[in-house]
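**Student:** Submitted below is the structure of interest, expressed as structure tokens.
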Amino acid sequence: MKFLLEVTMDDAALTEDPAGELGRILRYWGGNLRHYALRPGDGSLVYDSEYREVGSWSVTDQAE
């Protein structure tokens with residue numbers, strides 16, 4: 001399996017404080033992963049601190 005996280009860095013919050021905002025996203029989603037089985041097909045949209053969609057994460061088969 002493979003865990004993929006994709007975040008677009010040109011969002012307003014991410015251009016203003018890229019390290020701080022990306023750290024917040026990683027902390028939030030890292031803590032939230034316990035609610036998922038983490039099997040291929042699992043995933044969710046990712047939002048910045050102002051609740052704007054900036055990416056997504058997903059679990060895929062290694063072959064994908």
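In the structure tokens, chains take letters A, B, ... by order of appearance, with residues numbered from 1 within each chain and ligands from 1 in the order shown.
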Pick out the residues sitting within 8 Å of Phe3 (chain A), and hand them over as a list in words; count only C-alpha atoms, and ignore anything fewer than 5 positions along from it in its own chain.

**Tutor:**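 Close residues of Phe3 (chain A): Trp57, Ser58, Val59 and Thr60 of chain A.
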
**Student:** According to DSSP computed on the backbone, where in chain A is there helix (DSSP H, G or I)? Give the residues as a list of chain:residue names.

**Tutor:**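 So, restricting chain A to helix (DSSP H, G or I), we get A:Ala12, A:Ala13, A:Leu14, A:Thr15, A:Glu16, A:Pro18, A:Ala19, A:Gly20, A:Glu21, A:Leu22, A:Gly23, A:Arg24, A:Ile25, A:Leu26, A:Arg27, A:Tyr28, A:Trp29, A:Gly30, A:Gly31, A:Asn32, A:Leu33, A:Arg34, A:His35.
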
**Student:** Those same residues, written as a PDB file, in the first residue's frame with N, CA, C and O atoms?

**Tutor:**
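This is the output file again17.pdb:
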```pdb
ATOM      1  N   ALA A  12      -3.517  31.029  -0.113  1.00  0.00           N
ATOM      2  CA  ALA A  12      -3.139  32.249   0.632  1.00  0.00           C
ATOM      3  C   ALA A  12      -2.469  31.935   1.966  1.00  0.00           C
ATOM      4  O   ALA A  12      -1.422  32.498   2.286  1.00  0.00           O
ATOM      5  N   ALA A  13      -3.065  31.056   2.773  1.00  0.00           N
ATOM      6  CA  ALA A  13      -2.490  30.728   4.081  1.00  0.00           C
ATOM      7  C   ALA A  13      -1.138  30.042   3.936  1.00  0.00           C
ATOM      8  O   ALA A  13      -0.226  30.263   4.725  1.00  0.00           O
ATOM      9  N   LEU A  14      -0.982  29.227   2.904  1.00  0.00           N
ATOM     10  CA  LEU A  14       0.277  28.511   2.708  1.00  0.00           C
ATOM     11  C   LEU A  14       1.377  29.409   2.157  1.00  0.00           C
ATOM     12  O   LEU A  14       2.551  29.179   2.420  1.00  0.00           O
ATOM     13  N   THR A  15       1.041  30.435   1.406  1.00  0.00           N
ATOM     14  CA  THR A  15       2.089  31.343   0.925  1.00  0.00           C
ATOM     15  C   THR A  15       2.516  32.314   2.017  1.00  0.00           C
ATOM     16  O   THR A  15       3.665  32.730   2.061  1.00  0.00           O
ATOM     17  N   GLU A  16       1.607  32.648   2.915  1.00  0.00           N
ATOM     18  CA  GLU A  16       1.930  33.570   4.016  1.00  0.00           C
ATOM     19  C   GLU A  16       2.853  32.933   5.047  1.00  0.00           C
ATOM     20  O   GLU A  16       3.802  33.544   5.517  1.00  0.00           O
ATOM     21  N   PRO A  18       4.199  29.150   5.004  1.00  0.00           N
ATOM     22  CA  PRO A  18       4.173  27.777   4.494  1.00  0.00           C
ATOM     23  C   PRO A  18       4.519  26.719   5.543  1.00  0.00           C
ATOM     24  O   PRO A  18       3.806  25.719   5.659  1.00  0.00           O
ATOM     25  N   ALA A  19       5.569  26.923   6.323  1.00  0.00           N
ATOM     26  CA  ALA A  19       5.959  25.917   7.313  1.00  0.00           C
ATOM     27  C   ALA A  19       4.908  25.781   8.410  1.00  0.00           C
ATOM     28  O   ALA A  19       4.554  24.674   8.810  1.00  0.00           O
ATOM     29  N   GLY A  20       4.394  26.900   8.892  1.00  0.00           N
ATOM     30  CA  GLY A  20       3.382  26.861   9.948  1.00  0.00           C
ATOM     31  C   GLY A  20       2.091  26.222   9.484  1.00  0.00           C
ATOM     32  O   GLY A  20       1.509  25.391  10.185  1.00  0.00           O
ATOM     33  N   GLU A  21       1.639  26.587   8.302  1.00  0.00           N
ATOM     34  CA  GLU A  21       0.372  26.059   7.790  1.00  0.00           C
ATOM     35  C   GLU A  21       0.495  24.578   7.429  1.00  0.00           C
ATOM     36  O   GLU A  21      -0.382  23.779   7.743  1.00  0.00           O
ATOM     37  N   LEU A  22       1.577  24.202   6.776  1.00  0.00           N
ATOM     38  CA  LEU A  22       1.762  22.793   6.437  1.00  0.00           C
ATOM     39  C   LEU A  22       1.912  21.956   7.704  1.00  0.00           C
ATOM     40  O   LEU A  22       1.364  20.857   7.799  1.00  0.00           O
ATOM     41  N   GLY A  23       2.596  22.484   8.713  1.00  0.00           N
ATOM     42  CA  GLY A  23       2.702  21.783   9.998  1.00  0.00           C
ATOM     43  C   GLY A  23       1.348  21.571  10.641  1.00  0.00           C
ATOM     44  O   GLY A  23       1.066  20.503  11.183  1.00  0.00           O
ATOM     45  N   ARG A  24       0.478  22.589  10.587  1.00  0.00           N
ATOM     46  CA  ARG A  24      -0.860  22.470  11.141  1.00  0.00           C
ATOM     47  C   ARG A  24      -1.652  21.397  10.403  1.00  0.00           C
ATOM     48  O   ARG A  24      -2.324  20.556  11.008  1.00  0.00           O
ATOM     49  N   ILE A  25      -1.555  21.389   9.065  1.00  0.00           N
ATOM     50  CA  ILE A  25      -2.255  20.386   8.260  1.00  0.00           C
ATOM     51  C   ILE A  25      -1.762  18.984   8.632  1.00  0.00           C
ATOM     52  O   ILE A  25      -2.570  18.071   8.837  1.00  0.00           O
ATOM     53  N   LEU A  26      -0.451  18.803   8.736  1.00  0.00           N
ATOM     54  CA  LEU A  26       0.100  17.491   9.063  1.00  0.00           C
ATOM     55  C   LEU A  26      -0.303  17.040  10.466  1.00  0.00           C
ATOM     56  O   LEU A  26      -0.645  15.866  10.672  1.00  0.00           O
ATOM     57  N   ARG A  27      -0.291  17.941  11.428  1.00  0.00           N
ATOM     58  CA  ARG A  27      -0.718  17.583  12.801  1.00  0.00           C
ATOM     59  C   ARG A  27      -2.191  17.189  12.822  1.00  0.00           C
ATOM     60  O   ARG A  27      -2.574  16.189  13.437  1.00  0.00           O
ATOM     61  N   TYR A  28      -3.030  17.976  12.159  1.00  0.00           N
ATOM     62  CA  TYR A  28      -4.464  17.699  12.167  1.00  0.00           C
ATOM     63  C   TYR A  28      -4.748  16.353  11.518  1.00  0.00           C
ATOM     64  O   TYR A  28      -5.430  15.512  12.100  1.00  0.00           O
ATOM     65  N   TRP A  29      -4.228  16.142  10.315  1.00  0.00           N
ATOM     66  CA  TRP A  29      -4.526  14.894   9.618  1.00  0.00           C
ATOM     67  C   TRP A  29      -3.815  13.704  10.236  1.00  0.00           C
ATOM     68  O   TRP A  29      -4.340  12.594  10.227  1.00  0.00           O
ATOM     69  N   GLY A  30      -2.649  13.918  10.808  1.00  0.00           N
ATOM     70  CA  GLY A  30      -1.983  12.830  11.512  1.00  0.00           C
ATOM     71  C   GLY A  30      -2.821  12.328  12.678  1.00  0.00           C
ATOM     72  O   GLY A  30      -2.963  11.138  12.904  1.00  0.00           O
ATOM     73  N   GLY A  31      -3.412  13.242  13.423  1.00  0.00           N
ATOM     74  CA  GLY A  31      -4.276  12.868  14.538  1.00  0.00           C
ATOM     75  C   GLY A  31      -5.607  12.298  14.103  1.00  0.00           C
ATOM     76  O   GLY A  31      -6.210  11.484  14.795  1.00  0.00           O
ATOM     77  N   ASN A  32      -6.072  12.698  12.934  1.00  0.00           N
ATOM     78  CA  ASN A  32      -7.378  12.272  12.431  1.00  0.00           C
ATOM     79  C   ASN A  32      -7.336  10.889  11.779  1.00  0.00           C
ATOM     80  O   ASN A  32      -8.377  10.255  11.609  1.00  0.00           O
ATOM     81  N   LEU A  33      -6.166  10.396  11.430  1.00  0.00           N
ATOM     82  CA  LEU A  33      -6.059   9.125  10.708  1.00  0.00           C
ATOM     83  C   LEU A  33      -6.592   7.942  11.505  1.00  0.00           C
ATOM     84  O   LEU A  33      -6.982   6.934  10.919  1.00  0.00           O
ATOM     85  N   ARG A  34      -6.643   8.045  12.804  1.00  0.00           N
ATOM     86  CA  ARG A  34      -7.140   6.916  13.610  1.00  0.00           C
ATOM     87  C   ARG A  34      -8.597   6.595  13.313  1.00  0.00           C
ATOM     88  O   ARG A  34      -9.093   5.526  13.665  1.00  0.00           O
ATOM     89  N   HIS A  35      -9.305   7.496  12.653  1.00  0.00           N
ATOM     90  CA  HIS A  35     -10.708   7.282  12.310  1.00  0.00           C
ATOM     91  C   HIS A  35     -10.881   6.510  11.007  1.00  0.00           C
ATOM     92  O   HIS A  35     -12.005   6.255  10.589  1.00  0.00           O
TER      93      HIS A  35
END
```

**Student:** Which polymer residues have any atom within 12 Å of an atom of Gly55 (chain A), counting only C-alpha atoms, with same-chain residues fewer than 2 positions away left out, as a CSV table (one decimal) with N, CA, C and O atoms, in the first residue's frame?

**Tutor:**
```csv
chain,number,residue,atom,x,y,z
A,4,LEU,N,-0.6,8.7,0.2
A,4,LEU,CA,-0.3,9.8,-0.6
A,4,LEU,C,-0.9,11.1,0.0
A,4,LEU,O,-2.1,11.1,0.3
A,5,LEU,N,-0.2,12.1,0.2
A,5,LEU,CA,-0.7,13.4,0.7
A,5,LEU,C,-0.2,14.5,-0.3
A,5,LEU,O,0.9,14.6,-0.6
A,6,GLU,N,-1.2,15.2,-0.9
A,6,GLU,CA,-0.9,16.2,-1.9
A,6,GLU,C,-1.5,17.5,-1.4
A,6,GLU,O,-2.7,17.6,-1.1
A,7,VAL,N,-0.7,18.6,-1.2
A,7,VAL,CA,-1.1,19.9,-0.8
A,7,VAL,C,-0.7,20.9,-1.8
A,7,VAL,O,0.5,21.0,-2.1
A,8,THR,N,-1.6,21.7,-2.3
A,8,THR,CA,-1.2,22.8,-3.1
A,8,THR,C,-0.7,24.0,-2.3
A,8,THR,O,-1.4,24.5,-1.4
A,9,MET,N,0.5,24.4,-2.6
A,9,MET,CA,1.2,25.4,-1.7
A,9,MET,C,0.9,26.8,-2.1
A,9,MET,O,1.5,27.7,-1.5
A,10,ASP,N,0.1,27.1,-3.2
A,10,ASP,CA,-0.1,28.5,-3.6
A,10,ASP,C,-1.4,29.1,-2.9
A,10,ASP,O,-1.8,30.2,-3.3
A,11,ASP,N,-2.0,28.4,-2.0
A,11,ASP,CA,-3.1,28.9,-1.2
A,11,ASP,C,-2.6,30.1,-0.4
A,11,ASP,O,-1.5,30.1,0.0
A,14,LEU,N,-1.0,29.2,2.9
A,14,LEU,CA,0.3,28.5,2.7
A,14,LEU,C,1.4,29.4,2.2
A,14,LEU,O,2.6,29.2,2.4
A,22,LEU,N,1.6,24.2,6.8
A,22,LEU,CA,1.8,22.8,6.4
A,22,LEU,C,1.9,22.0,7.7
A,22,LEU,O,1.4,20.9,7.8
A,25,ILE,N,-1.6,21.4,9.1
A,25,ILE,CA,-2.3,20.4,8.3
A,25,ILE,C,-1.8,19.0,8.6
A,25,ILE,O,-2.6,18.1,8.8
A,26,LEU,N,-0.5,18.8,8.7
A,26,LEU,CA,0.1,17.5,9.1
A,26,LEU,C,-0.3,17.0,10.5
A,26,LEU,O,-0.6,15.9,10.7
A,29,TRP,N,-4.2,16.1,10.3
A,29,TRP,CA,-4.5,14.9,9.6
A,29,TRP,C,-3.8,13.7,10.2
A,29,TRP,O,-4.3,12.6,10.2
A,43,GLY,N,-9.5,7.9,2.0
A,43,GLY,CA,-8.9,9.2,1.7
A,43,GLY,C,-9.9,10.3,2.1
A,43,GLY,O,-11.0,10.0,2.5
A,44,SER,N,-9.4,11.5,2.0
A,44,SER,CA,-10.2,12.7,2.3
A,44,SER,C,-9.6,13.9,1.7
A,44,SER,O,-8.4,14.0,1.4
A,45,LEU,N,-10.4,15.0,1.6
A,45,LEU,CA,-9.9,16.3,1.2
A,45,LEU,C,-9.1,16.9,2.4
A,45,LEU,O,-9.4,16.5,3.5
A,46,VAL,N,-8.2,17.8,2.1
A,46,VAL,CA,-7.4,18.5,3.1
A,46,VAL,C,-7.7,20.0,3.0
A,46,VAL,O,-7.8,20.5,1.9
A,47,TYR,N,-7.9,20.6,4.2
A,47,TYR,CA,-8.3,22.0,4.2
A,47,TYR,C,-7.2,22.8,5.0
A,47,TYR,O,-6.6,22.3,5.9
A,48,ASP,N,-7.1,24.1,4.6
A,48,ASP,CA,-6.2,25.0,5.4
A,48,ASP,C,-6.9,25.5,6.6
A,48,ASP,O,-8.0,25.1,6.9
A,51,TYR,N,-10.3,26.8,6.3
A,51,TYR,CA,-11.2,25.8,5.8
A,51,TYR,C,-11.4,25.8,4.3
A,51,TYR,O,-12.5,25.6,3.7
A,52,ARG,N,-10.3,26.2,3.6
A,52,ARG,CA,-10.3,26.2,2.1
A,52,ARG,C,-9.6,24.9,1.7
A,52,ARG,O,-8.6,24.5,2.2
A,53,GLU,N,-10.2,24.2,0.7
A,53,GLU,CA,-9.6,22.9,0.2
A,53,GLU,C,-8.3,23.2,-0.4
A,53,GLU,O,-8.2,24.1,-1.3
A,57,TRP,N,-5.6,13.5,0.7
A,57,TRP,CA,-4.8,12.3,1.0
A,57,TRP,C,-5.5,11.1,0.6
A,57,TRP,O,-6.8,11.1,0.5
A,58,SER,N,-4.8,10.0,0.3
A,58,SER,CA,-5.4,8.7,-0.1
A,58,SER,C,-4.5,7.6,0.2
A,58,SER,O,-3.3,7.7,0.4
```

**Student:** If we count only C-alpha atoms and set the cut-off at 12 Å, which residues sit around Met1 (chain A), ignoring sequence neighbours fewer than 6 positions away in its own chain? Please answer as a CSV table (one decimal) with C-alpha atoms, in the first residue's frame.

**Tutor:**
```csv
chain,number,residue,atom,x,y,z
A,38,LEU,CA,-6.2,3.0,6.1
A,39,ARG,CA,-7.0,0.5,3.3
A,40,PRO,CA,-6.8,1.2,-0.4
A,41,GLY,CA,-9.6,3.5,-1.4
A,42,ASP,CA,-9.6,5.5,1.9
A,58,SER,CA,-5.4,8.7,-0.1
A,59,VAL,CA,-4.4,5.2,0.4
A,60,THR,CA,-3.7,3.2,-2.8
A,61,ASP,CA,-2.4,-0.2,-3.8
A,62,GLN,CA,1.3,-0.1,-4.4
A,63,ALA,CA,0.7,-0.9,-8.1
A,64,GLU,CA,-1.4,2.2,-8.7
```

**Student:** Just list as an NGL selection string whatever in region 24-55 of chain A DSSP marks as strand (DSSP E or B).

**Tutor:** :A and (43-47 or 53-55)
